[in-house]
Amino acid sequence: MPDCIFCKIIAGEIPCNKVYEDEHVVAFHDIQPQAPVHVLFVPKKHMVSLQAMEAGDEVLLGHMMKVVAQQAQALGVSQGYRLVSNCGASAGQSVDLLHFHLLAGRNLQWPPG
Ligand code: AMP
């Protein structure tokens with residue numbers, strides 16, 4: 001297993017500000033928030049990015065999207081949020097375990113840059 005900070009969070013080896021967890025996914029507040037609400041959704045199955053999806057992972061990813069929508073509701077931002085997954089270093093990915101950023105609570109610009 002690579003030296004992955006999110007793996008350590010999933011394993012409970014380092015703390016996080018958790019908002020949700022089930023047997024497939026964990027969600028926690030980003031340590032360097034880029035918006036008033038900035039939550040990360042991470043699968044417990046290790047895959048580097050969407051490019052590493054295998055047959056059958058559609059079920060996991062679909063479940064994650066359902067969890068995102070439920071948590072957007074729970075966080076009070078279901079009227080407007082952005083969901084981002086940086087895929088690859090040139091797109092800004094810094095942690096090599098698939099994750100989705102939920103950003104909300106301010107007006108978000110487009111294009112994101
Ligand atoms: P990315 O750059 O798309 O790979 O996103 C990685 C995100 O993980 C960044 O927004 C970081 O601020 C965030 N991050 C890194 N370490 C931690 C941590 N220990 N707890 C919460 N978020 C973290």
# chains A, B, ... in the order shown; residues from 1 in each chain; ligands from 1
call {"tool": "residues_around", "arguments": {"residues": "range 45-50 of chain A", "least_positions_apart": "3", "cutoff": "8 Å", "atoms": "only C-alpha atoms", "output": "VMD selection string"}}
result
chain A and resid 7 24 53 87 to 88 96 to 99
call {"tool": "write_last_selection", "arguments": {"atoms": "N, CA, C and O atoms", "output": "PDB file, in the first residue's frame"}}
result
ATOM      1  N   CYS A   7      -5.639   6.839   3.046  1.00  0.00           N
ATOM      2  CA  CYS A   7      -5.683   5.473   3.592  1.00  0.00           C
ATOM      3  C   CYS A   7      -5.515   5.511   5.106  1.00  0.00           C
ATOM      4  O   CYS A   7      -6.170   4.757   5.831  1.00  0.00           O
ATOM      5  N   HIS A  24     -18.506   1.570   2.629  1.00  0.00           N
ATOM      6  CA  HIS A  24     -17.874   1.798   1.320  1.00  0.00           C
ATOM      7  C   HIS A  24     -17.202   3.152   1.159  1.00  0.00           C
ATOM      8  O   HIS A  24     -16.343   3.327   0.295  1.00  0.00           O
ATOM      9  N   MET A  53     -10.800   2.808 -12.430  1.00  0.00           N
ATOM     10  CA  MET A  53     -12.035   2.037 -12.206  1.00  0.00           C
ATOM     11  C   MET A  53     -11.953   0.672 -12.875  1.00  0.00           C
ATOM     12  O   MET A  53     -11.442   0.541 -13.990  1.00  0.00           O
ATOM     13  N   CYS A  87      -8.142  14.597 -11.559  1.00  0.00           N
ATOM     14  CA  CYS A  87      -7.643  13.304 -12.049  1.00  0.00           C
ATOM     15  C   CYS A  87      -6.297  13.509 -12.726  1.00  0.00           C
ATOM     16  O   CYS A  87      -6.235  13.966 -13.869  1.00  0.00           O
ATOM     17  N   GLY A  88      -5.230  13.231 -11.974  1.00  0.00           N
ATOM     18  CA  GLY A  88      -3.892  13.403 -12.511  1.00  0.00           C
ATOM     19  C   GLY A  88      -3.256  14.705 -12.041  1.00  0.00           C
ATOM     20  O   GLY A  88      -3.936  15.683 -11.726  1.00  0.00           O
ATOM     21  N   ASP A  96      -3.206  10.445  -4.131  1.00  0.00           N
ATOM     22  CA  ASP A  96      -3.460   9.388  -5.115  1.00  0.00           C
ATOM     23  C   ASP A  96      -4.436   8.337  -4.613  1.00  0.00           C
ATOM     24  O   ASP A  96      -4.166   7.131  -4.615  1.00  0.00           O
ATOM     25  N   LEU A  97      -5.565   8.790  -4.137  1.00  0.00           N
ATOM     26  CA  LEU A  97      -6.706   7.922  -3.856  1.00  0.00           C
ATOM     27  C   LEU A  97      -7.926   8.704  -4.336  1.00  0.00           C
ATOM     28  O   LEU A  97      -8.139   9.842  -3.903  1.00  0.00           O
ATOM     29  N   LEU A  98      -8.702   8.105  -5.215  1.00  0.00           N
ATOM     30  CA  LEU A  98      -9.873   8.792  -5.770  1.00  0.00           C
ATOM     31  C   LEU A  98     -10.651   9.538  -4.695  1.00  0.00           C
ATOM     32  O   LEU A  98     -10.922   8.995  -3.624  1.00  0.00           O
ATOM     33  N   HIS A  99     -10.987  10.778  -4.989  1.00  0.00           N
ATOM     34  CA  HIS A  99     -11.831  11.530  -4.061  1.00  0.00           C
ATOM     35  C   HIS A  99     -12.591  12.591  -4.839  1.00  0.00           C
ATOM     36  O   HIS A  99     -12.151  13.054  -5.890  1.00  0.00           O
TER      37      HIS A  99
END
call {"tool": "residues_near_ligand", "arguments": {"ligand": "ligand 1", "cutoff": "7 Å", "atoms": "only C-alpha atoms and all ligand atoms", "output": "list of chain:residue names"}}
result
A:Ile5, A:Cys16, A:Phe28, A:His29, A:Asp30, A:Ile31, A:Gln32, A:Pro33, A:Ser85, A:Asn86, A:Gly92, A:Gln93, A:Ser94, A:Val95, A:Asp96
call {"tool": "write_last_selection", "arguments": {"atoms": "C-alpha atoms", "output": "mmCIF file, in the first residue's frame"}}
result
data_model
loop_
_atom_site.group_PDB
_atom_site.id
_atom_site.type_symbol
_atom_site.label_atom_id
_atom_site.label_comp_id
_atom_site.auth_asym_id
_atom_site.auth_seq_id
_atom_site.Cartn_x
_atom_site.Cartn_y
_atom_site.Cartn_z
ATOM 1 C CA ILE A 5 -2.782 10.085 3.728
ATOM 2 C CA CYS A 16 -10.209 13.859 10.410
ATOM 3 C CA PHE A 28 -14.626 14.505 5.942
ATOM 4 C CA HIS A 29 -13.918 18.232 5.888
ATOM 5 C CA ASP A 30 -10.925 19.308 3.799
ATOM 6 C CA ILE A 31 -8.031 20.483 5.976
ATOM 7 C CA GLN A 32 -7.476 23.494 3.672
ATOM 8 C CA PRO A 33 -11.013 24.509 2.715
ATOM 9 C CA SER A 85 -12.507 15.128 -8.890
ATOM 10 C CA ASN A 86 -9.010 16.143 -9.926
ATOM 11 C CA GLY A 92 -4.261 19.300 -9.555
ATOM 12 C CA GLN A 93 -4.519 15.856 -7.976
ATOM 13 C CA SER A 94 -2.202 15.734 -4.954
ATOM 14 C CA VAL A 95 -3.514 12.634 -3.141
ATOM 15 C CA ASP A 96 -3.460 9.388 -5.115
#
call {"tool": "atom_distance", "arguments": {"atom1": "CA of Ala91 in chain A", "atom2": "CA of Pro43 in chain A"}}
result
19.7 Å
call {"tool": "closest_residue", "arguments": {"among": "A:Ala89, A:Leu83, A:Met64, A:Leu75", "to": "Pro36 in chain A", "atoms": "only C-alpha atoms"}}
result
A:Leu75
call {"tool": "closest_residue", "arguments": {"among": "A:Gly113, A:Tyr81, A:Met65, A:Lys44", "to": "Ala11 in chain A", "atoms": "only C-alpha atoms"}}
result
A:Lys44
call {"tool": "atom_distance", "arguments": {"atom1": "CA of Lys8 in chain A", "atom2": "CA of Gly105 in chain A"}}
result
28.3 Å
call {"tool": "closest_atom_pairs", "arguments": {"of": "range 16-61 of chain A", "to": "range 70-73 of chain A", "cutoff": "9 Å", "atoms": "only C-alpha atoms", "output": "JSON lines"}}
result
{"residue": "A:Val19", "atom": "CA", "partner": "A:Gln71", "partner_atom": "CA", "distance": 8.1}
{"residue": "A:Tyr20", "atom": "CA", "partner": "A:Gln71", "partner_atom": "CA", "distance": 7.8}
{"residue": "A:Ala27", "atom": "CA", "partner": "A:Gln71", "partner_atom": "CA", "distance": 8.9}
call {"tool": "write_last_selection", "arguments": {"atoms": "C-alpha atoms", "output": "short mmCIF file (atom, residue, chain, number, x, y, z; two decimals), in the first residue's frame"}}
result
data_model
loop_
_atom_site.label_atom_id
_atom_site.label_comp_id
_atom_site.auth_asym_id
_atom_site.auth_seq_id
_atom_site.Cartn_x
_atom_site.Cartn_y
_atom_site.Cartn_z
CA VAL A 19 -19.19 14.04 8.36
CA TYR A 20 -20.21 10.57 7.12
CA ALA A 27 -16.52 11.87 3.97
#
call {"tool": "residues_around", "arguments": {"residues": "Ala104 in chain A", "least_positions_apart": "4", "cutoff": "8 Å", "atoms": "only C-alpha atoms", "output": "number ranges by chain"}}
result
A: 35-38, 77, 80-82, 108
call {"tool": "select_by_dssp", "arguments": {"residues": "range 30-79 of chain A", "states": "strand (DSSP E)", "output": "list of chain:residue names"}}
result
A:Val37, A:His38, A:Val39, A:Leu40, A:Phe41, A:Val42, A:Pro43
call {"tool": "select_by_dssp", "arguments": {"residues": "chain A", "states": "helix (DSSP H, G or I)", "output": "JSON, numbers by chain"}}
result
{"A": [5, 6, 7, 8, 9, 10, 50, 51, 52, 57, 58, 59, 60, 61, 62, 63, 64, 65, 66, 67, 68, 69, 70, 71, 72, 73, 74, 89, 90, 91]}
